[in-house]
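The structure file work-v1.txt is reproduced below (compact mmCIF, N, CA and C atoms).
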```
# COMPACT_ATOMS: atom_id res chain seq x y z
N MET W 1 -10.64 16.74 -14.62
CA MET W 1 -9.31 17.31 -14.55
C MET W 1 -8.42 16.35 -13.78
N GLU W 2 -7.11 16.47 -14.00
CA GLU W 2 -6.15 15.61 -13.31
C GLU W 2 -4.96 16.44 -12.82
N ILE W 3 -4.36 15.93 -11.75
CA ILE W 3 -3.14 16.53 -11.21
C ILE W 3 -2.31 15.41 -10.61
N SER W 4 -0.97 15.52 -10.74
CA SER W 4 -0.07 14.51 -10.19
C SER W 4 0.85 15.13 -9.18
N GLY W 5 1.24 14.33 -8.19
CA GLY W 5 2.14 14.82 -7.17
C GLY W 5 2.31 13.81 -6.06
N LYS W 6 2.83 14.30 -4.94
CA LYS W 6 3.13 13.47 -3.78
C LYS W 6 2.26 13.94 -2.61
N ILE W 7 1.68 12.99 -1.87
CA ILE W 7 0.86 13.32 -0.70
C ILE W 7 1.80 13.79 0.41
N ILE W 8 1.59 15.02 0.90
CA ILE W 8 2.46 15.55 1.96
C ILE W 8 1.73 15.73 3.29
N ALA W 9 0.39 15.63 3.28
CA ALA W 9 -0.37 15.75 4.52
C ALA W 9 -1.71 15.06 4.38
N ALA W 10 -2.16 14.46 5.48
CA ALA W 10 -3.49 13.87 5.56
C ALA W 10 -4.19 14.55 6.74
N LEU W 11 -5.23 15.30 6.46
CA LEU W 11 -5.95 16.03 7.51
C LEU W 11 -6.90 15.08 8.24
N PRO W 12 -7.35 15.44 9.44
CA PRO W 12 -8.21 14.55 10.22
C PRO W 12 -9.53 14.23 9.49
N LEU W 13 -10.01 13.02 9.71
CA LEU W 13 -11.27 12.57 9.14
C LEU W 13 -12.42 13.34 9.78
N ALA W 14 -13.32 13.86 8.95
CA ALA W 14 -14.51 14.57 9.45
C ALA W 14 -15.73 13.72 9.14
N SER W 15 -16.70 13.72 10.05
CA SER W 15 -17.94 12.97 9.81
C SER W 15 -19.08 13.70 10.48
N GLY W 16 -20.28 13.36 10.06
CA GLY W 16 -21.44 14.02 10.63
C GLY W 16 -22.73 13.40 10.12
N GLU W 17 -23.83 14.01 10.53
CA GLU W 17 -25.17 13.58 10.11
C GLU W 17 -25.76 14.65 9.20
N GLY W 18 -26.31 14.20 8.07
CA GLY W 18 -26.97 15.09 7.14
C GLY W 18 -28.38 14.60 6.88
N LYS W 19 -29.08 15.27 6.01
CA LYS W 19 -30.45 14.87 5.72
C LYS W 19 -30.52 13.52 5.01
N ASN W 20 -29.40 13.09 4.38
CA ASN W 20 -29.35 11.80 3.70
C ASN W 20 -28.63 10.73 4.52
N GLY W 21 -28.34 10.97 5.78
CA GLY W 21 -27.66 10.02 6.65
C GLY W 21 -26.27 10.50 7.03
N THR W 22 -25.46 9.57 7.50
CA THR W 22 -24.11 9.94 7.94
C THR W 22 -23.20 10.14 6.73
N TRP W 23 -22.21 10.99 6.90
CA TRP W 23 -21.23 11.25 5.86
C TRP W 23 -19.84 11.27 6.48
N ARG W 24 -18.83 11.01 5.64
CA ARG W 24 -17.41 11.08 6.04
C ARG W 24 -16.65 11.84 4.97
N SER W 25 -15.67 12.61 5.40
CA SER W 25 -14.88 13.42 4.48
C SER W 25 -13.43 13.42 4.94
N GLN W 26 -12.50 13.20 4.00
CA GLN W 26 -11.07 13.18 4.31
C GLN W 26 -10.36 14.10 3.34
N ASP W 27 -9.58 15.04 3.85
CA ASP W 27 -8.80 15.97 3.03
C ASP W 27 -7.33 15.55 3.02
N TYR W 28 -6.71 15.70 1.86
CA TYR W 28 -5.28 15.41 1.69
C TYR W 28 -4.65 16.60 0.98
N VAL W 29 -3.36 16.81 1.24
CA VAL W 29 -2.61 17.87 0.56
C VAL W 29 -1.58 17.20 -0.35
N LEU W 30 -1.61 17.58 -1.61
CA LEU W 30 -0.72 17.05 -2.64
C LEU W 30 0.24 18.15 -3.06
N GLU W 31 1.51 17.80 -3.26
CA GLU W 31 2.49 18.76 -3.78
C GLU W 31 2.90 18.29 -5.17
N THR W 32 2.80 19.19 -6.15
CA THR W 32 3.10 18.83 -7.54
C THR W 32 4.61 18.70 -7.75
N PHE W 33 4.97 18.11 -8.89
CA PHE W 33 6.38 17.91 -9.25
C PHE W 33 6.89 19.02 -10.17
N ASP W 34 6.20 20.13 -10.27
CA ASP W 34 6.59 21.23 -11.16
C ASP W 34 7.89 21.87 -10.70
N GLN W 35 8.46 22.71 -11.57
CA GLN W 35 9.67 23.45 -11.22
C GLN W 35 9.40 24.31 -9.98
N TYR W 36 8.22 24.89 -9.92
CA TYR W 36 7.77 25.64 -8.74
C TYR W 36 6.58 24.89 -8.18
N PRO W 37 6.83 23.93 -7.24
CA PRO W 37 5.76 23.05 -6.78
C PRO W 37 4.58 23.82 -6.15
N LYS W 38 3.39 23.32 -6.45
CA LYS W 38 2.17 23.89 -5.88
C LYS W 38 1.58 22.89 -4.91
N LYS W 39 0.92 23.37 -3.89
CA LYS W 39 0.23 22.53 -2.93
C LYS W 39 -1.26 22.64 -3.19
N VAL W 40 -1.93 21.48 -3.29
CA VAL W 40 -3.35 21.43 -3.59
C VAL W 40 -4.03 20.55 -2.55
N CYS W 41 -5.07 21.07 -1.91
CA CYS W 41 -5.85 20.30 -0.96
C CYS W 41 -7.07 19.73 -1.69
N PHE W 42 -7.20 18.38 -1.67
CA PHE W 42 -8.36 17.75 -2.30
C PHE W 42 -9.08 16.89 -1.28
N ASN W 43 -10.29 16.47 -1.64
CA ASN W 43 -11.18 15.82 -0.71
C ASN W 43 -11.65 14.47 -1.26
N LEU W 44 -11.67 13.45 -0.39
CA LEU W 44 -12.32 12.18 -0.69
C LEU W 44 -13.56 12.11 0.19
N PHE W 45 -14.67 11.63 -0.37
CA PHE W 45 -15.94 11.67 0.34
C PHE W 45 -16.54 10.27 0.42
N ASN W 46 -17.05 9.91 1.59
CA ASN W 46 -17.75 8.65 1.89
C ASN W 46 -16.96 7.42 1.44
N ASP W 47 -17.50 6.60 0.54
CA ASP W 47 -16.87 5.32 0.18
C ASP W 47 -15.55 5.50 -0.57
N LYS W 48 -15.27 6.66 -1.13
CA LYS W 48 -14.00 6.90 -1.83
C LYS W 48 -12.82 6.86 -0.86
N ILE W 49 -13.08 7.12 0.44
CA ILE W 49 -12.00 7.09 1.44
C ILE W 49 -11.44 5.69 1.56
N THR W 50 -12.31 4.68 1.62
CA THR W 50 -11.85 3.30 1.73
C THR W 50 -11.46 2.72 0.37
N GLN W 51 -12.05 3.21 -0.69
CA GLN W 51 -11.73 2.73 -2.04
C GLN W 51 -10.32 3.13 -2.45
N PHE W 52 -9.88 4.32 -2.03
CA PHE W 52 -8.54 4.82 -2.38
C PHE W 52 -7.76 5.15 -1.11
N PRO W 53 -7.24 4.15 -0.39
CA PRO W 53 -6.46 4.44 0.83
C PRO W 53 -5.15 5.12 0.48
N LEU W 54 -4.89 6.25 1.11
CA LEU W 54 -3.68 7.03 0.83
C LEU W 54 -2.86 7.22 2.10
N ALA W 55 -1.57 7.38 1.92
CA ALA W 55 -0.65 7.64 3.03
C ALA W 55 0.31 8.74 2.60
N ILE W 56 0.88 9.40 3.58
CA ILE W 56 1.86 10.44 3.30
C ILE W 56 3.05 9.80 2.58
N GLY W 57 3.49 10.44 1.52
CA GLY W 57 4.60 9.94 0.71
C GLY W 57 4.16 9.23 -0.56
N ASP W 58 2.89 8.87 -0.68
CA ASP W 58 2.39 8.23 -1.89
C ASP W 58 2.47 9.19 -3.07
N GLU W 59 2.94 8.69 -4.21
CA GLU W 59 2.93 9.46 -5.45
C GLU W 59 1.70 9.05 -6.24
N VAL W 60 0.85 10.02 -6.55
CA VAL W 60 -0.46 9.72 -7.11
C VAL W 60 -0.82 10.65 -8.26
N THR W 61 -1.81 10.22 -9.05
CA THR W 61 -2.49 11.05 -10.02
C THR W 61 -3.95 11.09 -9.59
N VAL W 62 -4.47 12.30 -9.37
CA VAL W 62 -5.82 12.48 -8.86
C VAL W 62 -6.71 13.05 -9.96
N SER W 63 -7.84 12.38 -10.21
CA SER W 63 -8.88 12.90 -11.10
C SER W 63 -9.94 13.54 -10.21
N PHE W 64 -10.37 14.76 -10.54
CA PHE W 64 -11.23 15.48 -9.62
C PHE W 64 -12.19 16.40 -10.36
N ASP W 65 -13.20 16.86 -9.61
CA ASP W 65 -14.14 17.89 -10.05
C ASP W 65 -13.98 19.08 -9.12
N ILE W 66 -14.13 20.28 -9.67
CA ILE W 66 -14.10 21.50 -8.87
C ILE W 66 -15.52 22.03 -8.77
N ASP W 67 -15.92 22.38 -7.55
CA ASP W 67 -17.28 22.87 -7.32
C ASP W 67 -17.23 24.06 -6.36
N SER W 68 -17.97 25.11 -6.66
CA SER W 68 -18.08 26.27 -5.78
C SER W 68 -19.53 26.46 -5.38
N ARG W 69 -19.76 26.88 -4.15
CA ARG W 69 -21.12 27.14 -3.67
C ARG W 69 -21.10 28.33 -2.73
N GLU W 70 -22.23 28.99 -2.65
CA GLU W 70 -22.38 30.19 -1.82
C GLU W 70 -23.10 29.83 -0.53
N TYR W 71 -22.63 30.40 0.58
CA TYR W 71 -23.28 30.24 1.88
C TYR W 71 -23.11 31.54 2.66
N ASN W 72 -24.22 32.16 2.99
CA ASN W 72 -24.23 33.42 3.75
C ASN W 72 -23.35 34.50 3.12
N GLY W 73 -23.44 34.62 1.82
CA GLY W 73 -22.71 35.69 1.14
C GLY W 73 -21.25 35.38 0.85
N ARG W 74 -20.75 34.21 1.24
CA ARG W 74 -19.36 33.81 0.97
C ARG W 74 -19.36 32.62 0.03
N TRP W 75 -18.32 32.53 -0.78
CA TRP W 75 -18.19 31.43 -1.72
C TRP W 75 -17.13 30.45 -1.24
N TYR W 76 -17.43 29.16 -1.35
CA TYR W 76 -16.53 28.09 -0.93
C TYR W 76 -16.29 27.16 -2.12
N THR W 77 -15.04 26.81 -2.33
CA THR W 77 -14.66 25.96 -3.45
C THR W 77 -14.08 24.66 -2.90
N SER W 78 -14.50 23.55 -3.50
CA SER W 78 -13.96 22.25 -3.09
C SER W 78 -13.42 21.52 -4.32
N ILE W 79 -12.39 20.74 -4.08
CA ILE W 79 -11.80 19.89 -5.11
C ILE W 79 -12.08 18.46 -4.65
N ARG W 80 -13.07 17.83 -5.25
CA ARG W 80 -13.51 16.50 -4.84
C ARG W 80 -12.97 15.44 -5.81
N ALA W 81 -12.13 14.55 -5.28
CA ALA W 81 -11.53 13.49 -6.10
C ALA W 81 -12.54 12.38 -6.35
N TRP W 82 -12.54 11.86 -7.57
CA TRP W 82 -13.40 10.73 -7.88
C TRP W 82 -12.58 9.51 -8.31
N ARG W 83 -11.27 9.69 -8.54
CA ARG W 83 -10.36 8.57 -8.80
C ARG W 83 -8.96 8.98 -8.38
N VAL W 84 -8.24 8.04 -7.76
CA VAL W 84 -6.85 8.25 -7.37
C VAL W 84 -6.06 7.04 -7.82
N GLU W 85 -4.99 7.28 -8.60
CA GLU W 85 -4.13 6.21 -9.07
C GLU W 85 -2.74 6.38 -8.47
N LYS W 86 -2.28 5.33 -7.77
CA LYS W 86 -0.93 5.36 -7.22
C LYS W 86 0.06 5.01 -8.31
N LYS W 87 1.24 5.59 -8.23
CA LYS W 87 2.30 5.32 -9.21
C LYS W 87 3.04 4.06 -8.76
N ASN W 88 2.63 2.89 -9.28
CA ASN W 88 3.24 1.62 -8.91
C ASN W 88 4.48 1.31 -9.73
N ASN W 89 4.62 1.92 -10.89
CA ASN W 89 5.73 1.59 -11.77
C ASN W 89 7.00 2.38 -11.46
N MET W 90 7.01 3.11 -10.37
CA MET W 90 8.20 3.87 -9.99
C MET W 90 9.22 2.92 -9.36
N PRO W 91 10.50 2.95 -9.76
CA PRO W 91 11.49 2.09 -9.13
C PRO W 91 11.77 2.54 -7.70
N ASN W 92 12.03 1.58 -6.85
CA ASN W 92 12.36 1.89 -5.46
C ASN W 92 13.82 2.30 -5.41
N ARG W 93 14.08 3.54 -5.12
CA ARG W 93 15.45 4.07 -5.15
C ARG W 93 16.23 3.73 -3.88
N ALA W 94 15.57 3.17 -2.87
CA ALA W 94 16.23 2.90 -1.61
C ALA W 94 17.01 1.59 -1.64
N THR W 95 16.71 0.68 -2.56
CA THR W 95 17.38 -0.61 -2.60
C THR W 95 18.22 -0.72 -3.86
N PRO W 96 19.41 -1.34 -3.77
CA PRO W 96 20.24 -1.50 -4.95
C PRO W 96 19.68 -2.58 -5.86
N PRO W 97 20.11 -2.63 -7.12
CA PRO W 97 19.63 -3.67 -8.02
C PRO W 97 20.07 -5.05 -7.55
N ASP W 98 19.32 -6.09 -7.94
CA ASP W 98 19.62 -7.46 -7.52
C ASP W 98 20.55 -8.14 -8.52
N PHE W 99 21.81 -7.78 -8.49
CA PHE W 99 22.80 -8.45 -9.31
C PHE W 99 24.15 -8.30 -8.63
N GLU W 100 25.08 -9.22 -8.98
CA GLU W 100 26.43 -9.14 -8.46
C GLU W 100 27.38 -8.97 -9.63
N ALA W 101 28.25 -8.01 -9.53
CA ALA W 101 29.24 -7.79 -10.58
C ALA W 101 30.36 -8.81 -10.42
N PRO W 102 30.79 -9.44 -11.49
CA PRO W 102 31.87 -10.42 -11.38
C PRO W 102 33.20 -9.72 -11.07
N PHE W 103 34.03 -10.40 -10.27
CA PHE W 103 35.35 -9.86 -9.96
C PHE W 103 36.32 -10.31 -11.05
N PRO W 104 37.24 -9.44 -11.45
CA PRO W 104 38.19 -9.84 -12.49
C PRO W 104 39.14 -10.90 -11.95
N THR W 105 39.45 -11.91 -12.76
CA THR W 105 40.35 -12.99 -12.34
C THR W 105 41.80 -12.67 -12.67
N SER W 106 42.04 -11.78 -13.59
CA SER W 106 43.41 -11.41 -13.95
C SER W 106 43.43 -9.91 -14.22
N PRO W 107 44.60 -9.31 -14.14
CA PRO W 107 44.66 -7.88 -14.44
C PRO W 107 44.25 -7.63 -15.89
N PRO W 108 43.77 -6.46 -16.19
CA PRO W 108 43.30 -6.19 -17.54
C PRO W 108 44.39 -6.25 -18.60
N PHE W 109 45.64 -5.95 -18.23
CA PHE W 109 46.75 -6.05 -19.17
C PHE W 109 48.02 -6.31 -18.37
N GLU W 110 49.02 -6.83 -19.03
CA GLU W 110 50.27 -7.15 -18.35
C GLU W 110 51.42 -6.66 -19.21
N THR W 111 52.34 -5.95 -18.59
CA THR W 111 53.53 -5.48 -19.32
C THR W 111 54.73 -6.29 -18.86
N SER W 112 55.81 -6.19 -19.57
CA SER W 112 57.01 -6.94 -19.21
C SER W 112 57.59 -6.44 -17.90
N ALA W 113 57.35 -5.21 -17.50
CA ALA W 113 57.85 -4.67 -16.24
C ALA W 113 57.11 -5.26 -15.05
N GLN W 114 55.95 -5.89 -15.28
CA GLN W 114 55.17 -6.44 -14.18
C GLN W 114 55.56 -7.87 -13.84
N THR W 115 56.38 -8.51 -14.62
CA THR W 115 56.79 -9.88 -14.32
C THR W 115 57.88 -9.85 -13.26
N ASN W 116 57.99 -10.93 -12.49
CA ASN W 116 58.94 -10.97 -11.37
C ASN W 116 60.39 -10.96 -11.82
N GLU W 117 60.71 -11.57 -12.98
CA GLU W 117 62.09 -11.69 -13.41
C GLU W 117 62.66 -10.31 -13.81
N GLU W 118 61.87 -9.50 -14.46
CA GLU W 118 62.38 -8.25 -14.99
C GLU W 118 62.12 -7.07 -14.07
N SER W 119 61.51 -7.27 -12.96
CA SER W 119 61.20 -6.17 -12.07
C SER W 119 62.43 -5.76 -11.28
N ASP W 120 62.75 -4.49 -11.25
CA ASP W 120 63.90 -4.02 -10.47
C ASP W 120 63.44 -3.39 -9.17
N LEU W 121 62.20 -3.63 -8.76
CA LEU W 121 61.71 -3.13 -7.47
C LEU W 121 62.18 -4.06 -6.35
N PRO W 122 62.54 -3.51 -5.20
CA PRO W 122 63.06 -4.36 -4.11
C PRO W 122 62.00 -5.20 -3.40
N PHE W 123 60.79 -5.04 -3.67
CA PHE W 123 59.75 -5.82 -2.97
C PHE W 123 58.90 -6.65 -3.85
```

Show how you would write the structure in this file as structure tokens.
Amino acid sequence: MEISGKIIAALPLASGEGKNGTWRSQDYVLETFDQYPKKVCFNLFNDKITQFPLAIGDEVTVSFDIDSREYNGRWYTSIRAWRVEKKNNMPNRATPPDFEAPFPTSPPFETSAQTNEESDLPF
């Protein structure tokens, strides 16, 4: 599955020891671009944290798996990302385009009233 949006929060890095060694987990909150934006918390696990470095404000498309498991009679659902693509082709709206508009060298049109000889203006 995939979802696109903007990273609005990065939760603290969690780590610990398990039966297979040490593990690391990082949660991020993404806000969608829908008419009614939704907030989705997803997780990067172990080497995916360094493979896909994210920062608040990044616009991304996240590919993920959803998994639910039971523990002590309660069910827990996780959204684990396996690929994150940053939107690099977005134009930077903070900077103006790199061009200079030419200044006109003469007025666009000239009427006979604009010449000095026929002007009846005192200045």

Enter the distance from atom N of W:Lys39 to atom C of W:Gly16, in Å, rounded to one decimal. 29.2 Å

Exercise: W:Ala10 partners within 10 Å, only C-alpha atoms, chain neighbours under 4 positions left out, as a tab-separated table (two decimals) with N, CA and C atoms, in the coordinates of the input:
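The result, written out as out.tsv:
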```tsv
chain	number	residue	atom	x	y	z
W	26	GLN	N	-12.50	13.20	4.00
W	26	GLN	CA	-11.07	13.18	4.31
W	26	GLN	C	-10.36	14.10	3.34
W	27	ASP	N	-9.58	15.04	3.85
W	27	ASP	CA	-8.80	15.97	3.03
W	27	ASP	C	-7.33	15.55	3.02
W	28	TYR	N	-6.71	15.70	1.86
W	28	TYR	CA	-5.28	15.41	1.69
W	28	TYR	C	-4.65	16.60	0.98
W	29	VAL	N	-3.36	16.81	1.24
W	29	VAL	CA	-2.61	17.87	0.56
W	29	VAL	C	-1.58	17.20	-0.35
W	30	LEU	N	-1.61	17.58	-1.61
W	30	LEU	CA	-0.72	17.05	-2.64
W	30	LEU	C	0.24	18.15	-3.06
W	41	CYS	N	-5.07	21.07	-1.91
W	41	CYS	CA	-5.85	20.30	-0.96
W	41	CYS	C	-7.07	19.73	-1.69
W	54	LEU	N	-4.89	6.25	1.11
W	54	LEU	CA	-3.68	7.03	0.83
W	54	LEU	C	-2.86	7.22	2.10
W	55	ALA	N	-1.57	7.38	1.92
W	55	ALA	CA	-0.65	7.64	3.03
W	55	ALA	C	0.31	8.74	2.60
W	56	ILE	N	0.88	9.40	3.58
W	56	ILE	CA	1.86	10.44	3.30
W	56	ILE	C	3.05	9.80	2.58
```

Which neighbours of W:Thr77 fall inside 7 Å, counting only N, CA and C atoms, when residues of the same chain fewer than 6 positions from it are skipped, and could you give them as JSON, numbers by chain? {"W": [66, 67, 68, 69]}

I'd like the neighbourhood of stretch 58-63 of chain W as a PyMOL selection string, where a residue qualifies if any of its atoms comes within 7 Å (using only N, CA and C atoms), though same-chain residues fewer than 3 positions away should be ignored. chain W and resi 1-8+54-55+80-88

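Across the structure, atom CA of W:Arg24 and atom N of W:Phe45 are spaced 7.0 Å apart.
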
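The space between atom N of W:Val40 and atom CA of W:Ser15 spans 22.4 Å.
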
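Closest approach to W:Ser78 among W:Pro37, W:Ser25, W:Glu31, W:Ala14: W:Ser25, based on only C-alpha atoms.
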
Distance criterion (all atoms listed in the file): nearest to W:Trp23 out of W:Ile79, W:Asn72, W:Asn46, W:Asp65: W:Asn46

Using DSSP on the backbone, list every residue of stretch 49-80 of chain W that comes out as strand (DSSP E or B), and give them as a PyMOL selection string. chain W and resi 59-71+74-80
